[in-house]
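Each remark here refers to the structure printed beneath this line.
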Amino acid sequence: MRPMELVSSSVTAVSRLIVCERSGEWSAALRVELDGSGVRLWECRRLAEAWAALAETNSAFVVVEATRENLDELLERLLWMSRDFPRARAAVVADRDLARCEWLAREAGAVHFLVSPRRLAPLAGLVARHLANVPAPPQTFVERIWASLPWGPSGT
């Protein structure tokens, strides 16, 4: 059974960083590391929520916390991710006691794996590079004109 429930054909939202974890510790550390980069971070607590958000912004970067409870489901979702969301990337974070699962996560499709929130610089670099290379969503002719004006669509 495929874990993908929400594949969207018309994705309009801007790409973002999706962080799925229980505590908020990784999100807080990533916000500090990415301060000033302009990266939008969206937090959730369950894998289903993260994949629903990914379906809305199918070129997002997803950081998922692996736990003993969600490891099987996470690995299954990562296996399908390259097919369902070929422009998205995922990294896995975990407690030190799950460090031995690094190569399982990488084999399933994770581009990075870490067990310490103090070593986020490489992950932040991956996130920033990935999101900087995502093509802008298509705009209508009128939207392009408004975007090029110095005062924008609000007229202020």
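We name chains A, B, ... following the order of the structure tokens; residues begin at 1 in each chain, and ligands are numbered from 1 as shown.
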
Practice prompt. Tell me, as a list in words, which residues lie within 9 Å of Arg16 of chain A, counting only C-alpha atoms; anything in the same chain fewer than 4 positions away does not count.
Written response: Val39, Arg40, Leu41, Trp42, Leu54, Thr57, Ser59, Ala60, Phe61, Val62 and Leu131 of chain A

Practice prompt. Please identify all polymer residues within 12 Å of Arg96 of chain A, counting only C-alpha atoms, omitting same-chain residues fewer than 4 positions from it, and present them as a ChimeraX atom specification.
Written response: /A:65-68,100-102,113-117

Discussion item. Counting only C-alpha atoms, which residue out of A:Asn58, A:Ala52, A:Glu21, A:Arg45 sits closest to Arg83 of chain A?
Written reply: A:Asn58

Discussion item. Which residue is closest to Cys44 of chain A? Choose from A:Ala136, A:Val93, A:Ala29, A:Cys20 and count only C-alpha atoms.
Written reply: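 Going through A:Ala136, A:Val93, A:Ala29, A:Cys20 one by one, the smallest distance to Cys44 of chain A is for A:Cys20.
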
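What separates atom CA of Val32 of chain A from atom CA of Pro122 of chain A is a distance of 13.6 Å.
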
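Nearest to Leu98 of chain A of all the residues A:Gly125, A:Leu71, A:Gly36, A:Leu79 is A:Leu71, based on only C-alpha atoms.
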
From segment 53-135 of chain A, collect each residue whose DSSP state is helix (DSSP H, G or I) and return the set as a PDB file with N, CA and C atoms, in the first residue's frame.
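As a result, states_7.pdb now contains:
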```pdb
ATOM      1  N   ALA A  53       1.153  18.667   3.673  1.00  0.00           N
ATOM      2  CA  ALA A  53       1.790  19.950   3.355  1.00  0.00           C
ATOM      3  C   ALA A  53       2.703  19.809   2.153  1.00  0.00           C
ATOM      4  N   LEU A  54       3.386  18.692   2.044  1.00  0.00           N
ATOM      5  CA  LEU A  54       4.255  18.438   0.901  1.00  0.00           C
ATOM      6  C   LEU A  54       3.448  18.366  -0.390  1.00  0.00           C
ATOM      7  N   ALA A  55       2.265  17.802  -0.324  1.00  0.00           N
ATOM      8  CA  ALA A  55       1.401  17.728  -1.502  1.00  0.00           C
ATOM      9  C   ALA A  55       0.994  19.121  -1.979  1.00  0.00           C
ATOM     10  N   GLU A  56       0.914  20.076  -1.063  1.00  0.00           N
ATOM     11  CA  GLU A  56       0.575  21.451  -1.431  1.00  0.00           C
ATOM     12  C   GLU A  56       1.766  22.185  -2.025  1.00  0.00           C
ATOM     13  N   LEU A  71       9.188   4.924  12.764  1.00  0.00           N
ATOM     14  CA  LEU A  71      10.288   4.577  11.867  1.00  0.00           C
ATOM     15  C   LEU A  71       9.823   3.793  10.643  1.00  0.00           C
ATOM     16  N   ASP A  72       8.989   2.782  10.816  1.00  0.00           N
ATOM     17  CA  ASP A  72       8.529   1.986   9.673  1.00  0.00           C
ATOM     18  C   ASP A  72       7.739   2.842   8.684  1.00  0.00           C
ATOM     19  N   GLU A  73       6.806   3.634   9.198  1.00  0.00           N
ATOM     20  CA  GLU A  73       6.001   4.496   8.331  1.00  0.00           C
ATOM     21  C   GLU A  73       6.874   5.540   7.635  1.00  0.00           C
ATOM     22  N   LEU A  74       7.819   6.112   8.368  1.00  0.00           N
ATOM     23  CA  LEU A  74       8.710   7.109   7.788  1.00  0.00           C
ATOM     24  C   LEU A  74       9.521   6.521   6.637  1.00  0.00           C
ATOM     25  N   LEU A  75      10.112   5.359   6.845  1.00  0.00           N
ATOM     26  CA  LEU A  75      10.909   4.727   5.795  1.00  0.00           C
ATOM     27  C   LEU A  75      10.061   4.418   4.567  1.00  0.00           C
ATOM     28  N   GLU A  76       8.839   3.966   4.780  1.00  0.00           N
ATOM     29  CA  GLU A  76       7.943   3.685   3.656  1.00  0.00           C
ATOM     30  C   GLU A  76       7.611   4.961   2.883  1.00  0.00           C
ATOM     31  N   ARG A  77       7.335   6.039   3.595  1.00  0.00           N
ATOM     32  CA  ARG A  77       7.034   7.317   2.932  1.00  0.00           C
ATOM     33  C   ARG A  77       8.252   7.837   2.163  1.00  0.00           C
ATOM     34  N   LEU A  78       9.430   7.700   2.757  1.00  0.00           N
ATOM     35  CA  LEU A  78      10.646   8.141   2.062  1.00  0.00           C
ATOM     36  C   LEU A  78      10.869   7.353   0.775  1.00  0.00           C
ATOM     37  N   LEU A  79      10.571   6.055   0.808  1.00  0.00           N
ATOM     38  CA  LEU A  79      10.739   5.233  -0.389  1.00  0.00           C
ATOM     39  C   LEU A  79       9.870   5.724  -1.547  1.00  0.00           C
ATOM     40  N   TRP A  80       8.659   6.176  -1.258  1.00  0.00           N
ATOM     41  CA  TRP A  80       7.739   6.657  -2.287  1.00  0.00           C
ATOM     42  C   TRP A  80       7.954   8.125  -2.636  1.00  0.00           C
ATOM     43  N   MET A  81       8.691   8.838  -1.829  1.00  0.00           N
ATOM     44  CA  MET A  81       8.821  10.286  -2.008  1.00  0.00           C
ATOM     45  C   MET A  81       9.436  10.659  -3.350  1.00  0.00           C
ATOM     46  N   SER A  82      10.467   9.957  -3.775  1.00  0.00           N
ATOM     47  CA  SER A  82      11.115  10.319  -5.035  1.00  0.00           C
ATOM     48  C   SER A  82      10.184  10.126  -6.227  1.00  0.00           C
ATOM     49  N   ARG A  83       9.247   9.230  -6.108  1.00  0.00           N
ATOM     50  CA  ARG A  83       8.276   9.019  -7.188  1.00  0.00           C
ATOM     51  C   ARG A  83       7.139  10.033  -7.113  1.00  0.00           C
ATOM     52  N   ASP A  84       6.602  10.243  -5.916  1.00  0.00           N
ATOM     53  CA  ASP A  84       5.455  11.135  -5.757  1.00  0.00           C
ATOM     54  C   ASP A  84       5.835  12.609  -5.788  1.00  0.00           C
ATOM     55  N   ARG A  96      19.956  10.150  19.644  1.00  0.00           N
ATOM     56  CA  ARG A  96      21.197   9.379  19.456  1.00  0.00           C
ATOM     57  C   ARG A  96      20.978   7.867  19.457  1.00  0.00           C
ATOM     58  N   ASP A  97      19.979   7.399  20.183  1.00  0.00           N
ATOM     59  CA  ASP A  97      19.766   5.953  20.238  1.00  0.00           C
ATOM     60  C   ASP A  97      19.278   5.381  18.903  1.00  0.00           C
ATOM     61  N   LEU A  98      18.884   6.235  17.953  1.00  0.00           N
ATOM     62  CA  LEU A  98      18.490   5.757  16.626  1.00  0.00           C
ATOM     63  C   LEU A  98      19.560   6.037  15.566  1.00  0.00           C
ATOM     64  N   ALA A  99      20.750   6.391  15.992  1.00  0.00           N
ATOM     65  CA  ALA A  99      21.833   6.695  15.056  1.00  0.00           C
ATOM     66  C   ALA A  99      22.141   5.515  14.139  1.00  0.00           C
ATOM     67  N   ARG A 100      21.925   4.318  14.620  1.00  0.00           N
ATOM     68  CA  ARG A 100      22.206   3.137  13.803  1.00  0.00           C
ATOM     69  C   ARG A 100      21.257   3.016  12.604  1.00  0.00           C
ATOM     70  N   CYS A 101      20.193   3.815  12.585  1.00  0.00           N
ATOM     71  CA  CYS A 101      19.225   3.780  11.480  1.00  0.00           C
ATOM     72  C   CYS A 101      19.591   4.739  10.351  1.00  0.00           C
ATOM     73  N   GLU A 102      20.734   5.414  10.481  1.00  0.00           N
ATOM     74  CA  GLU A 102      21.107   6.410   9.471  1.00  0.00           C
ATOM     75  C   GLU A 102      21.104   5.829   8.067  1.00  0.00           C
ATOM     76  N   TRP A 103      21.728   4.701   7.862  1.00  0.00           N
ATOM     77  CA  TRP A 103      21.862   4.187   6.499  1.00  0.00           C
ATOM     78  C   TRP A 103      20.557   3.625   5.964  1.00  0.00           C
ATOM     79  N   LEU A 104      19.678   3.197   6.840  1.00  0.00           N
ATOM     80  CA  LEU A 104      18.322   2.824   6.385  1.00  0.00           C
ATOM     81  C   LEU A 104      17.604   4.056   5.835  1.00  0.00           C
ATOM     82  N   ALA A 105      17.695   5.155   6.559  1.00  0.00           N
ATOM     83  CA  ALA A 105      17.038   6.390   6.127  1.00  0.00           C
ATOM     84  C   ALA A 105      17.648   6.903   4.833  1.00  0.00           C
ATOM     85  N   ARG A 106      18.964   6.868   4.731  1.00  0.00           N
ATOM     86  CA  ARG A 106      19.626   7.327   3.503  1.00  0.00           C
ATOM     87  C   ARG A 106      19.264   6.432   2.316  1.00  0.00           C
ATOM     88  N   GLU A 107      19.237   5.147   2.542  1.00  0.00           N
ATOM     89  CA  GLU A 107      18.868   4.215   1.473  1.00  0.00           C
ATOM     90  C   GLU A 107      17.425   4.439   1.022  1.00  0.00           C
ATOM     91  N   ALA A 108      16.555   4.817   1.958  1.00  0.00           N
ATOM     92  CA  ALA A 108      15.158   5.083   1.623  1.00  0.00           C
ATOM     93  C   ALA A 108      14.984   6.410   0.890  1.00  0.00           C
ATOM     94  N   PRO A 117      21.079  18.596  17.440  1.00  0.00           N
ATOM     95  CA  PRO A 117      20.620  19.907  16.972  1.00  0.00           C
ATOM     96  C   PRO A 117      21.739  20.946  16.959  1.00  0.00           C
ATOM     97  N   ARG A 118      22.875  20.617  17.540  1.00  0.00           N
ATOM     98  CA  ARG A 118      24.011  21.540  17.520  1.00  0.00           C
ATOM     99  C   ARG A 118      24.820  21.452  16.236  1.00  0.00           C
ATOM    100  N   ARG A 119      24.488  20.512  15.378  1.00  0.00           N
ATOM    101  CA  ARG A 119      25.232  20.336  14.122  1.00  0.00           C
ATOM    102  C   ARG A 119      24.324  20.588  12.912  1.00  0.00           C
ATOM    103  N   ALA A 121      24.350  23.283  10.804  1.00  0.00           N
ATOM    104  CA  ALA A 121      24.861  24.114   9.711  1.00  0.00           C
ATOM    105  C   ALA A 121      24.826  23.390   8.353  1.00  0.00           C
ATOM    106  N   PRO A 122      25.290  22.146   8.240  1.00  0.00           N
ATOM    107  CA  PRO A 122      25.205  21.482   6.935  1.00  0.00           C
ATOM    108  C   PRO A 122      23.762  21.301   6.455  1.00  0.00           C
ATOM    109  N   LEU A 123      22.864  20.958   7.373  1.00  0.00           N
ATOM    110  CA  LEU A 123      21.456  20.800   7.006  1.00  0.00           C
ATOM    111  C   LEU A 123      20.866  22.135   6.560  1.00  0.00           C
ATOM    112  N   ALA A 124      21.151  23.201   7.284  1.00  0.00           N
ATOM    113  CA  ALA A 124      20.650  24.530   6.903  1.00  0.00           C
ATOM    114  C   ALA A 124      21.155  24.914   5.518  1.00  0.00           C
ATOM    115  N   GLY A 125      22.391  24.574   5.213  1.00  0.00           N
ATOM    116  CA  GLY A 125      22.932  24.841   3.883  1.00  0.00           C
ATOM    117  C   GLY A 125      22.193  24.070   2.798  1.00  0.00           C
ATOM    118  N   LEU A 126      21.907  22.796   3.060  1.00  0.00           N
ATOM    119  CA  LEU A 126      21.150  21.993   2.102  1.00  0.00           C
ATOM    120  C   LEU A 126      19.766  22.588   1.865  1.00  0.00           C
ATOM    121  N   VAL A 127      19.104  22.968   2.954  1.00  0.00           N
ATOM    122  CA  VAL A 127      17.757  23.548   2.854  1.00  0.00           C
ATOM    123  C   VAL A 127      17.793  24.825   2.028  1.00  0.00           C
ATOM    124  N   ALA A 128      18.694  25.727   2.363  1.00  0.00           N
ATOM    125  CA  ALA A 128      18.764  27.017   1.670  1.00  0.00           C
ATOM    126  C   ALA A 128      19.072  26.826   0.187  1.00  0.00           C
ATOM    127  N   ARG A 129      20.008  25.936  -0.143  1.00  0.00           N
ATOM    128  CA  ARG A 129      20.339  25.692  -1.551  1.00  0.00           C
ATOM    129  C   ARG A 129      19.171  25.081  -2.303  1.00  0.00           C
ATOM    130  N   HIS A 130      18.512  24.112  -1.687  1.00  0.00           N
ATOM    131  CA  HIS A 130      17.381  23.468  -2.351  1.00  0.00           C
ATOM    132  C   HIS A 130      16.274  24.475  -2.635  1.00  0.00           C
ATOM    133  N   LEU A 131      15.881  25.242  -1.626  1.00  0.00           N
ATOM    134  CA  LEU A 131      14.778  26.181  -1.808  1.00  0.00           C
ATOM    135  C   LEU A 131      15.146  27.326  -2.747  1.00  0.00           C
ATOM    136  N   ALA A 132      16.417  27.702  -2.796  1.00  0.00           N
ATOM    137  CA  ALA A 132      16.848  28.757  -3.717  1.00  0.00           C
ATOM    138  C   ALA A 132      16.776  28.289  -5.168  1.00  0.00           C
TER     139      ALA A 132
END
```

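For the atom pair formed by atom CA of Val64 of chain A and atom CA of Ala91 of chain A, the distance is 6.4 Å, given to one decimal.
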
Worksheet entry | Between atom CA of Val19 of chain A and atom CA of Glu49 of chain A - distance in Å to one decimal |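 Separating atom CA of Glu49 of chain A from atom CA of Val19 of chain A is a distance of 10.1 Å.
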
Response to the item:
Of A:Leu149, A:Leu120, A:His112, A:Asn133, the one nearest to Arg87 of chain A when counting only C-alpha atoms is A:Asn133
